[in-house]
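J.: Attaching a single structure in structure tokens format; questions to follow.
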Amino acid sequence: MENYKRVLGYLKPYRVRVALSVVLMFLVTLSAIPMPLIQKEVIDTAIPKKDIPKLYWLFGAILAVYAVRGIVSYGLNYIIAWLGQRVVFDLRFQLYRHLQKLSMGFYDGQQPGKIMARLTGDIDAIQYALTSGIVMLITDIATLFIITAWLFKLEWRLALIAIAILPLYVVNYKLLLKKIRETSIDLREKWERMLTTLTEKIGSIDVVKAFAHEQHEIEHFKQKERDRFIVSMRQTQLNRILGSSSGFIRMVGTATILWYGGRLVLGRDLKPGELLAFYSYLGSLYDPAVRVVDFNVQLQWASAAIDRVFETLDTRADIVDAPDAVQLSTVKGQIKFDNVTFGYDPENPVLKSINFSVEPGQMIALVGPSGAGKSTMVNLLARFYDVTNGRIMIDGHDLRKIRIESLRRHIGFVSQETILFSVSLKENIRYGRKDASDEEVIAAAKAADLHDFIMELPENYDTKIGEDGIKLSGGQKQRMSIARALLADPRILILDDATSALDSHTEANVQAALSELMKGRTSFVIAHRLSTILSADR
């Protein structure tokens, strides 16, 4: 409930619309009051007295009531839909923004499918509970009071019978509450695992096919989906039990009222039209009662989603700017590792007491077997992680005393795994510097030996990558990544096995461009081909 109170805060900026939706829902509820009264007048007055003009008048009243109800319902549904979509926008945007700010350590321990589940299904589950659910809950509770008072005004004895049934709804719900909540949490977890599996295996379809494991993955996914199906049917069963038992309670209340009301009519203590009107009002009493119970069921379903979303939002970034962090306007490129120790698990360091200094413009080669810590060292330099002990200095500044955005703006990073986006070639290169001109983009592409290839494409630099666009080879992807780093024009350049996917001819061209780029810049080059680091200073 604490998290649910937090999520209600997303409605505060739109309190006027929330209030308007409550008013409109009240009007929808009130518009149901005249109909039983019109029925009463038809049966008790117009028909016995053969009052034809009154029948015409009552006919017009019915049309007017439904016309008003239709207009109000349209406005209500529009506002509730607006609130729902707006809250989804705000919550999803805040979650995505927060995910962008979290440190790399968070992503090391998370599967992409779980993150996607929070951004999609969890927030969609919250939408209903927060908008339609809460607005309807407020209105239904108020409706219960209004209709109860109205029923007592019509016939207090029947009203007592009607409200005596209401506590049974609560008892019925309480009996199933624990199982409903447990099943809801289990179902959300099963759905999350299924989405994780789907994201993982579709993203690695080349590996699946390379090992001819298609049938294995089909069976694996089938089992995951079967588990979700079983839990889903268990939840459906609980919901149907709750719905059926609620229907039985309503039937008992309705039957009792008709039985006792019939006796009052036979004893001439009540007119037939009054009994019919009272019976018609029962829907306005029991329907809100059932919806209040149903809202609690929806709340159990949404609560697991709410908890997970706020669990992510409450996760704090490990790498943050210090209060006194400085902005680096220029960087010379002097680097110092001062007794640096680091471990992804602090108890098991992978780098121990590393000490070395790099002068501006030097090219440093890091060579060693996989797992030796080469990428870890440059990741520390880019401050994707913080050192466990010691410090890393740039131009005499401890990295932890530099604003993160300022630091990374001066570092060009070409990673071992090339990541490109499903946009145009131009936009992918310009990701290195968003304000770069077209001429600068073309110059970077030429330096990375990409320009001739791009000019052969139908839309040249506007050609899209992936989806409906082209599919690049491994070497072309690597050169795109190099062009992106070239455009950033950094003072510190990190090349993590950057030319590994290139053929000998292309590597020679790119290496020449990189050599020109590295002049006057501090460069860290991770390589397994010793030919790429022959010009290294150390």
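We name chains A, B, ... following the order of the structure tokens; residues begin at 1 in each chain, and ligands are numbered from 1 as shown.
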Would you mind listing what lies within 9 Å of Gly343 of chain A as a list in words, with only C-alpha atoms counted and same-chain residues fewer than 3 positions away left out?
T.: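 Contacts, in chain order: Pro346, Glu347, Asn348, Pro349, Val350, Leu351, Lys352, Val387 and Thr388 of chain A.
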J.: At a cut-off of 12 Å, can you tabulate as JSON lines every residue of segment 435-475 of chain A near segment 479-483 of chain A together with its closest atom pair and the distance in Å to one decimal, using only C-alpha atoms and ordering rows by chain then number?
T.:
{"residue": "A:Glu440", "atom": "CA", "partner": "A:Ala483", "partner_atom": "CA", "distance": 10.3}
{"residue": "A:Val441", "atom": "CA", "partner": "A:Ala483", "partner_atom": "CA", "distance": 8.1}
{"residue": "A:Ile442", "atom": "CA", "partner": "A:Ala483", "partner_atom": "CA", "distance": 9.2}
{"residue": "A:Ala443", "atom": "CA", "partner": "A:Ala483", "partner_atom": "CA", "distance": 8.8}
{"residue": "A:Ala444", "atom": "CA", "partner": "A:Ala483", "partner_atom": "CA", "distance": 5.0}
{"residue": "A:Ala445", "atom": "CA", "partner": "A:Ala483", "partner_atom": "CA", "distance": 5.3}
{"residue": "A:Lys446", "atom": "CA", "partner": "A:Ala483", "partner_atom": "CA", "distance": 8.2}
{"residue": "A:Ala447", "atom": "CA", "partner": "A:Ala483", "partner_atom": "CA", "distance": 7.1}
{"residue": "A:Ala448", "atom": "CA", "partner": "A:Ala483", "partner_atom": "CA", "distance": 5.4}
{"residue": "A:Asp449", "atom": "CA", "partner": "A:Arg479", "partner_atom": "CA", "distance": 7.3}
{"residue": "A:Leu450", "atom": "CA", "partner": "A:Arg479", "partner_atom": "CA", "distance": 6.8}
{"residue": "A:His451", "atom": "CA", "partner": "A:Ala483", "partner_atom": "CA", "distance": 10.1}
{"residue": "A:Phe453", "atom": "CA", "partner": "A:Arg479", "partner_atom": "CA", "distance": 11.1}
{"residue": "A:Ile454", "atom": "CA", "partner": "A:Met480", "partner_atom": "CA", "distance": 10.5}
{"residue": "A:Tyr461", "atom": "CA", "partner": "A:Met480", "partner_atom": "CA", "distance": 11.7}
{"residue": "A:Ile465", "atom": "CA", "partner": "A:Met480", "partner_atom": "CA", "distance": 11.0}
{"residue": "A:Leu472", "atom": "CA", "partner": "A:Met480", "partner_atom": "CA", "distance": 9.5}
{"residue": "A:Ser473", "atom": "CA", "partner": "A:Arg479", "partner_atom": "CA", "distance": 9.9}
{"residue": "A:Gly474", "atom": "CA", "partner": "A:Arg479", "partner_atom": "CA", "distance": 8.8}
{"residue": "A:Gly475", "atom": "CA", "partner": "A:Arg479", "partner_atom": "CA", "distance": 6.3}
J.: Skipping near chain neighbours, those fewer than 6 positions away, what residues fall within 8 Å of Leu242 of chain A using only C-alpha atoms, listed as a PyMOL selection string?
T.: chain A and resi 172-173+176
J.: Taking only C-alpha atoms into account, name the residue in A:Glu214, A:Asp140, A:Asp462, A:Asp452 that is nearest to Asn428 of chain A.
T.: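 Going through A:Glu214, A:Asp140, A:Asp462, A:Asp452 one by one, the smallest distance to Asn428 of chain A is for A:Asp462.
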J.: Near segment 265-276 of chain A, within 12 Å and counting only C-alpha atoms, which residues show up once chain neighbours fewer than 5 positions away are dropped, as a PDB file with N, CA and C atoms, in the first residue's frame?
T.:
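Writing done, so here's selection27.pdb:
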ATOM      1  N   MET A  35     -34.709   6.533 -14.073  1.00  0.00           N
ATOM      2  CA  MET A  35     -35.330   5.446 -14.818  1.00  0.00           C
ATOM      3  C   MET A  35     -36.276   4.593 -13.984  1.00  0.00           C
ATOM      4  N   PRO A  36     -35.876   4.111 -12.799  1.00  0.00           N
ATOM      5  CA  PRO A  36     -36.835   3.356 -11.986  1.00  0.00           C
ATOM      6  C   PRO A  36     -38.059   4.186 -11.589  1.00  0.00           C
ATOM      7  N   LEU A  37     -37.852   5.497 -11.373  1.00  0.00           N
ATOM      8  CA  LEU A  37     -38.985   6.358 -11.018  1.00  0.00           C
ATOM      9  C   LEU A  37     -39.953   6.494 -12.194  1.00  0.00           C
ATOM     10  N   ILE A  38     -39.402   6.566 -13.412  1.00  0.00           N
ATOM     11  CA  ILE A  38     -40.254   6.624 -14.608  1.00  0.00           C
ATOM     12  C   ILE A  38     -41.045   5.320 -14.753  1.00  0.00           C
ATOM     13  N   GLN A  39     -40.375   4.179 -14.506  1.00  0.00           N
ATOM     14  CA  GLN A  39     -41.064   2.883 -14.558  1.00  0.00           C
ATOM     15  C   GLN A  39     -42.206   2.847 -13.526  1.00  0.00           C
ATOM     16  N   LYS A  40     -41.908   3.379 -12.352  1.00  0.00           N
ATOM     17  CA  LYS A  40     -42.922   3.409 -11.295  1.00  0.00           C
ATOM     18  C   LYS A  40     -44.136   4.227 -11.737  1.00  0.00           C
ATOM     19  N   GLU A  41     -43.904   5.376 -12.364  1.00  0.00           N
ATOM     20  CA  GLU A  41     -45.004   6.224 -12.819  1.00  0.00           C
ATOM     21  C   GLU A  41     -45.813   5.533 -13.925  1.00  0.00           C
ATOM     22  N   VAL A  42     -45.114   4.816 -14.800  1.00  0.00           N
ATOM     23  CA  VAL A  42     -45.823   4.107 -15.875  1.00  0.00           C
ATOM     24  C   VAL A  42     -46.756   3.058 -15.295  1.00  0.00           C
ATOM     25  N   ILE A  43     -46.261   2.246 -14.348  1.00  0.00           N
ATOM     26  CA  ILE A  43     -47.043   1.123 -13.811  1.00  0.00           C
ATOM     27  C   ILE A  43     -48.095   1.572 -12.814  1.00  0.00           C
ATOM     28  N   ASP A  44     -47.724   2.524 -11.912  1.00  0.00           N
ATOM     29  CA  ASP A  44     -48.653   2.890 -10.828  1.00  0.00           C
ATOM     30  C   ASP A  44     -49.602   4.021 -11.196  1.00  0.00           C
ATOM     31  N   THR A  45     -49.273   4.820 -12.203  1.00  0.00           N
ATOM     32  CA  THR A  45     -50.107   6.001 -12.498  1.00  0.00           C
ATOM     33  C   THR A  45     -50.632   5.998 -13.932  1.00  0.00           C
ATOM     34  N   ALA A  46     -49.718   6.013 -14.915  1.00  0.00           N
ATOM     35  CA  ALA A  46     -50.150   6.197 -16.304  1.00  0.00           C
ATOM     36  C   ALA A  46     -51.035   5.051 -16.798  1.00  0.00           C
ATOM     37  N   ILE A  47     -50.622   3.814 -16.554  1.00  0.00           N
ATOM     38  CA  ILE A  47     -51.406   2.674 -17.049  1.00  0.00           C
ATOM     39  C   ILE A  47     -52.752   2.537 -16.318  1.00  0.00           C
ATOM     40  N   PRO A  48     -52.786   2.547 -14.968  1.00  0.00           N
ATOM     41  CA  PRO A  48     -54.088   2.432 -14.303  1.00  0.00           C
ATOM     42  C   PRO A  48     -55.069   3.548 -14.684  1.00  0.00           C
ATOM     43  N   LEU A 151     -32.607   4.170  -1.153  1.00  0.00           N
ATOM     44  CA  LEU A 151     -33.400   2.965  -0.899  1.00  0.00           C
ATOM     45  C   LEU A 151     -34.150   3.066   0.428  1.00  0.00           C
ATOM     46  N   LYS A 153     -35.197   5.740   1.677  1.00  0.00           N
ATOM     47  CA  LYS A 153     -36.299   6.684   1.449  1.00  0.00           C
ATOM     48  C   LYS A 153     -37.486   5.975   0.787  1.00  0.00           C
ATOM     49  N   LEU A 154     -37.189   5.025  -0.104  1.00  0.00           N
ATOM     50  CA  LEU A 154     -38.262   4.316  -0.798  1.00  0.00           C
ATOM     51  C   LEU A 154     -38.973   3.320   0.115  1.00  0.00           C
ATOM     52  N   GLU A 155     -38.191   2.450   0.761  1.00  0.00           N
ATOM     53  CA  GLU A 155     -38.802   1.418   1.620  1.00  0.00           C
ATOM     54  C   GLU A 155     -37.730   0.895   2.578  1.00  0.00           C
ATOM     55  N   TRP A 156     -37.797   1.323   3.835  1.00  0.00           N
ATOM     56  CA  TRP A 156     -36.717   1.048   4.771  1.00  0.00           C
ATOM     57  C   TRP A 156     -36.567  -0.441   5.082  1.00  0.00           C
ATOM     58  N   ARG A 157     -37.676  -1.180   5.077  1.00  0.00           N
ATOM     59  CA  ARG A 157     -37.591  -2.608   5.400  1.00  0.00           C
ATOM     60  C   ARG A 157     -36.823  -3.366   4.315  1.00  0.00           C
ATOM     61  N   LEU A 158     -37.115  -3.091   3.055  1.00  0.00           N
ATOM     62  CA  LEU A 158     -36.376  -3.718   1.970  1.00  0.00           C
ATOM     63  C   LEU A 158     -34.918  -3.238   1.936  1.00  0.00           C
ATOM     64  N   ALA A 159     -34.714  -1.983   2.315  1.00  0.00           N
ATOM     65  CA  ALA A 159     -33.351  -1.440   2.335  1.00  0.00           C
ATOM     66  C   ALA A 159     -32.477  -2.164   3.354  1.00  0.00           C
ATOM     67  N   THR A 254     -31.331 -10.473  -3.923  1.00  0.00           N
ATOM     68  CA  THR A 254     -32.417 -10.103  -4.838  1.00  0.00           C
ATOM     69  C   THR A 254     -33.657 -10.956  -4.602  1.00  0.00           C
ATOM     70  N   ILE A 257     -35.427  -9.978  -1.399  1.00  0.00           N
ATOM     71  CA  ILE A 257     -36.156  -8.702  -1.540  1.00  0.00           C
ATOM     72  C   ILE A 257     -37.437  -8.896  -2.351  1.00  0.00           C
ATOM     73  N   LEU A 258     -37.353  -9.673  -3.442  1.00  0.00           N
ATOM     74  CA  LEU A 258     -38.558  -9.917  -4.238  1.00  0.00           C
ATOM     75  C   LEU A 258     -39.603 -10.715  -3.440  1.00  0.00           C
ATOM     76  N   TRP A 259     -39.133 -11.676  -2.641  1.00  0.00           N
ATOM     77  CA  TRP A 259     -40.059 -12.469  -1.816  1.00  0.00           C
ATOM     78  C   TRP A 259     -40.758 -11.584  -0.777  1.00  0.00           C
ATOM     79  N   TYR A 260     -39.945 -10.812  -0.057  1.00  0.00           N
ATOM     80  CA  TYR A 260     -40.541  -9.979   0.990  1.00  0.00           C
ATOM     81  C   TYR A 260     -41.303  -8.811   0.369  1.00  0.00           C
ATOM     82  N   TYR A 281     -33.201  -0.414  -8.578  1.00  0.00           N
ATOM     83  CA  TYR A 281     -32.109   0.267  -7.883  1.00  0.00           C
ATOM     84  C   TYR A 281     -31.088  -0.708  -7.304  1.00  0.00           C
ATOM     85  N   LEU A 282     -31.456  -1.962  -7.166  1.00  0.00           N
ATOM     86  CA  LEU A 282     -30.524  -2.930  -6.587  1.00  0.00           C
ATOM     87  C   LEU A 282     -29.239  -3.046  -7.418  1.00  0.00           C
ATOM     88  N   GLY A 283     -29.382  -2.907  -8.753  1.00  0.00           N
ATOM     89  CA  GLY A 283     -28.201  -2.948  -9.607  1.00  0.00           C
ATOM     90  C   GLY A 283     -27.221  -1.840  -9.270  1.00  0.00           C
TER      91      GLY A 283
END
J.: Work out how far atom CA of Val23 of chain A is from atom CA of Ile71 of chain A, in Å to one decimal.
T.: 13.5 Å
J.: Please identify which residues in segment 314-478 of chain A DSSP calls alpha helix (DSSP H) from the backbone, and express them as an mmCIF file with N, CA and C atoms, in the first residue's frame.
T.:
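states-v3.cif written:
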data_model
loop_
_atom_site.group_PDB
_atom_site.id
_atom_site.type_symbol
_atom_site.label_atom_id
_atom_site.label_comp_id
_atom_site.auth_asym_id
_atom_site.auth_seq_id
_atom_site.Cartn_x
_atom_site.Cartn_y
_atom_site.Cartn_z
ATOM 1 N N LYS A 374 42.140 -6.160 -19.269
ATOM 2 C CA LYS A 374 42.409 -5.060 -20.208
ATOM 3 C C LYS A 374 41.191 -4.130 -20.342
ATOM 4 N N SER A 375 40.031 -4.699 -20.641
ATOM 5 C CA SER A 375 38.810 -3.892 -20.796
ATOM 6 C C SER A 375 38.414 -3.261 -19.471
ATOM 7 N N THR A 376 38.674 -3.954 -18.387
ATOM 8 C CA THR A 376 38.359 -3.402 -17.065
ATOM 9 C C THR A 376 39.128 -2.111 -16.827
ATOM 10 N N MET A 377 40.396 -2.079 -17.242
ATOM 11 C CA MET A 377 41.202 -0.875 -17.017
ATOM 12 C C MET A 377 40.645 0.332 -17.757
ATOM 13 N N VAL A 378 40.245 0.131 -19.021
ATOM 14 C CA VAL A 378 39.719 1.279 -19.777
ATOM 15 C C VAL A 378 38.296 1.621 -19.318
ATOM 16 N N ASN A 379 37.555 0.642 -18.822
ATOM 17 C CA ASN A 379 36.240 0.939 -18.263
ATOM 18 C C ASN A 379 36.357 1.797 -17.010
ATOM 19 N N LEU A 380 37.405 1.558 -16.233
ATOM 20 C CA LEU A 380 37.663 2.397 -15.061
ATOM 21 C C LEU A 380 38.039 3.810 -15.493
ATOM 22 N N LEU A 381 38.824 3.895 -16.588
ATOM 23 C CA LEU A 381 39.222 5.207 -17.091
ATOM 24 C C LEU A 381 38.008 6.018 -17.549
ATOM 25 N N ILE A 404 30.705 13.530 -14.565
ATOM 26 C CA ILE A 404 30.748 12.352 -15.436
ATOM 27 C C ILE A 404 30.550 12.723 -16.902
ATOM 28 N N GLU A 405 29.555 13.550 -17.168
ATOM 29 C CA GLU A 405 29.271 13.944 -18.552
ATOM 30 C C GLU A 405 30.467 14.680 -19.157
ATOM 31 N N SER A 406 31.117 15.515 -18.342
ATOM 32 C CA SER A 406 32.291 16.266 -18.804
ATOM 33 C C SER A 406 33.444 15.325 -19.118
ATOM 34 N N LEU A 407 33.645 14.321 -18.269
ATOM 35 C CA LEU A 407 34.722 13.357 -18.473
ATOM 36 C C LEU A 407 34.528 12.583 -19.771
ATOM 37 N N ARG A 408 33.337 12.014 -19.960
ATOM 38 C CA ARG A 408 33.107 11.122 -21.100
ATOM 39 C C ARG A 408 33.036 11.876 -22.421
ATOM 40 N N ARG A 409 32.762 13.184 -22.365
ATOM 41 C CA ARG A 409 32.753 13.976 -23.591
ATOM 42 C C ARG A 409 34.152 14.057 -24.204
ATOM 43 N N LEU A 425 22.491 5.778 -41.548
ATOM 44 C CA LEU A 425 23.945 5.758 -41.384
ATOM 45 C C LEU A 425 24.448 7.100 -40.847
ATOM 46 N N LYS A 426 23.885 8.174 -41.369
ATOM 47 C CA LYS A 426 24.287 9.515 -40.935
ATOM 48 C C LYS A 426 24.021 9.707 -39.438
ATOM 49 N N GLU A 427 22.828 9.285 -38.996
ATOM 50 C CA GLU A 427 22.481 9.453 -37.582
ATOM 51 C C GLU A 427 23.349 8.587 -36.686
ATOM 52 N N ASN A 428 23.740 7.403 -37.158
ATOM 53 C CA ASN A 428 24.613 6.544 -36.360
ATOM 54 C C ASN A 428 25.992 7.175 -36.188
ATOM 55 N N ILE A 429 26.529 7.743 -37.263
ATOM 56 C CA ILE A 429 27.839 8.395 -37.156
ATOM 57 C C ILE A 429 27.732 9.645 -36.289
ATOM 58 N N ARG A 430 26.662 10.409 -36.478
ATOM 59 C CA ARG A 430 26.479 11.662 -35.738
ATOM 60 C C ARG A 430 26.226 11.435 -34.244
ATOM 61 N N ASP A 438 26.884 17.938 -41.767
ATOM 62 C CA ASP A 438 26.939 16.836 -42.738
ATOM 63 C C ASP A 438 28.358 16.668 -43.269
ATOM 64 N N GLU A 439 29.053 17.788 -43.471
ATOM 65 C CA GLU A 439 30.414 17.722 -43.990
ATOM 66 C C GLU A 439 31.335 17.005 -43.009
ATOM 67 N N GLU A 440 31.152 17.250 -41.719
ATOM 68 C CA GLU A 440 31.977 16.594 -40.700
ATOM 69 C C GLU A 440 31.656 15.096 -40.625
ATOM 70 N N VAL A 441 30.394 14.747 -40.798
ATOM 71 C CA VAL A 441 29.993 13.333 -40.818
ATOM 72 C C VAL A 441 30.668 12.623 -41.988
ATOM 73 N N ILE A 442 30.652 13.263 -43.163
ATOM 74 C CA ILE A 442 31.262 12.663 -44.364
ATOM 75 C C ILE A 442 32.775 12.528 -44.181
ATOM 76 N N ALA A 443 33.399 13.530 -43.575
ATOM 77 C CA ALA A 443 34.849 13.477 -43.337
ATOM 78 C C ALA A 443 35.198 12.315 -42.420
ATOM 79 N N ALA A 444 34.398 12.092 -41.381
ATOM 80 C CA ALA A 444 34.644 10.974 -40.462
ATOM 81 C C ALA A 444 34.475 9.639 -41.180
ATOM 82 N N ALA A 445 33.456 9.566 -42.044
ATOM 83 C CA ALA A 445 33.225 8.329 -42.811
ATOM 84 C C ALA A 445 34.388 8.053 -43.764
ATOM 85 N N LYS A 446 34.903 9.092 -44.379
ATOM 86 C CA LYS A 446 36.056 8.913 -45.289
ATOM 87 C C LYS A 446 37.271 8.413 -44.516
ATOM 88 N N ALA A 447 37.495 8.990 -43.329
ATOM 89 C CA ALA A 447 38.649 8.583 -42.521
ATOM 90 C C ALA A 447 38.547 7.128 -42.087
ATOM 91 N N HIS A 451 33.173 5.923 -46.873
ATOM 92 C CA HIS A 451 32.465 6.844 -47.766
ATOM 93 C C HIS A 451 32.094 6.191 -49.101
ATOM 94 N N ASP A 452 33.031 5.504 -49.721
ATOM 95 C CA ASP A 452 32.762 4.903 -51.040
ATOM 96 C C ASP A 452 31.627 3.872 -50.950
ATOM 97 N N PHE A 453 31.650 3.077 -49.901
ATOM 98 C CA PHE A 453 30.592 2.077 -49.705
ATOM 99 C C PHE A 453 29.227 2.760 -49.525
ATOM 100 N N ILE A 454 29.205 3.817 -48.717
ATOM 101 C CA ILE A 454 27.945 4.507 -48.442
ATOM 102 C C ILE A 454 27.383 5.142 -49.710
ATOM 103 N N MET A 455 28.247 5.716 -50.548
ATOM 104 C CA MET A 455 27.790 6.394 -51.760
ATOM 105 C C MET A 455 27.223 5.428 -52.799
ATOM 106 N N GLY A 474 30.276 -7.445 -40.464
ATOM 107 C CA GLY A 474 30.980 -7.169 -39.217
ATOM 108 C C GLY A 474 32.011 -6.066 -39.376
ATOM 109 N N GLY A 475 32.767 -6.103 -40.484
ATOM 110 C CA GLY A 475 33.773 -5.077 -40.724
ATOM 111 C C GLY A 475 33.167 -3.702 -40.934
ATOM 112 N N GLN A 476 32.038 -3.643 -41.657
ATOM 113 C CA GLN A 476 31.367 -2.365 -41.888
ATOM 114 C C GLN A 476 30.824 -1.784 -40.590
ATOM 115 N N LYS A 477 30.308 -2.657 -39.728
ATOM 116 C CA LYS A 477 29.823 -2.188 -38.422
ATOM 117 C C LYS A 477 30.977 -1.588 -37.614
ATOM 118 N N GLN A 478 32.125 -2.255 -37.641
ATOM 119 C CA GLN A 478 33.266 -1.760 -36.869
ATOM 120 C C GLN A 478 33.737 -0.418 -37.399
#
J.: As a ChimeraX atom specification, please: the residues near Leu493 of chain A (cut-off 9 Å, only C-alpha atoms, same-chain neighbours under 4 positions excluded).
T.: /A:410-414,485,489,518,521-525
J.: Can you tell me, as a list of chain:residue names, what residues are no more than 12 Å from Tyr78 of chain A when counting only C-alpha atoms, ignoring any on the same chain fewer than 2 positions away?
T.: A:Arg17, A:Val18, A:Leu20, A:Ser21, A:Leu24, A:Met25, A:Ile71, A:Val72, A:Ser73, A:Tyr74, A:Gly75, A:Leu76, A:Ile80, A:Ala81, A:Trp82, A:Leu83, A:Gly84, A:Gln85, A:Thr131, A:Ser132
J.: Taking only C-alpha atoms into account, name the residue in A:Lys434, A:His528, A:Arg250, A:Arg400 that is nearest to Tyr279 of chain A.
T.: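 Distance minimum relative to Tyr279 of chain A lands on A:Arg250.
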J.: Of the candidates A:Ile180, A:Ala61, A:Leu285, A:Leu95, which shows the shortest atom-to-atom distance to Ile146 of chain A, using only C-alpha atoms?
T.: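 Under the stated criterion, the closest residue is A:Leu285.
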J.: Give the answer as one residue: which of A:Ile138, A:Val87, A:Ala436, A:Val331 has the shortest atom-to-atom distance to Pro490 of chain A, using only C-alpha atoms?
T.: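 With only C-alpha atoms as the atom set, the closest residue is A:Val331.
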J.: Determine, counting only C-alpha atoms, which protein, DNA and RNA residues have an atom within 7 Å of an atom of segment 116-127 of chain A; residues of the same chain fewer than 6 positions away are not included. Present the result as a PyMOL selection string.
T.: chain A and resi 84+87-88+92+192+195+302+305-306+309
J.: Quote the spacing between atom CA of Ala67 of chain A and atom CA of Leu137 of chain A in Å to one decimal place.
T.: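 According to the coordinates, atom CA of Ala67 of chain A and atom CA of Leu137 of chain A are separated by 25.0 Å.
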J.: To one decimal place, how far is atom CA of Arg308 of chain A from atom CA of Ile115 of chain A in Å?
T.: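 Distance between the two atoms: 10.0 Å.
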J.: Ranking A:Ile33, A:Ile494, A:Ala149, A:Ile62 by minimum distance to Leu366 of chain A and counting only C-alpha atoms, which one comes first?
T.: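 Under the stated criterion, the closest residue is A:Ile494.
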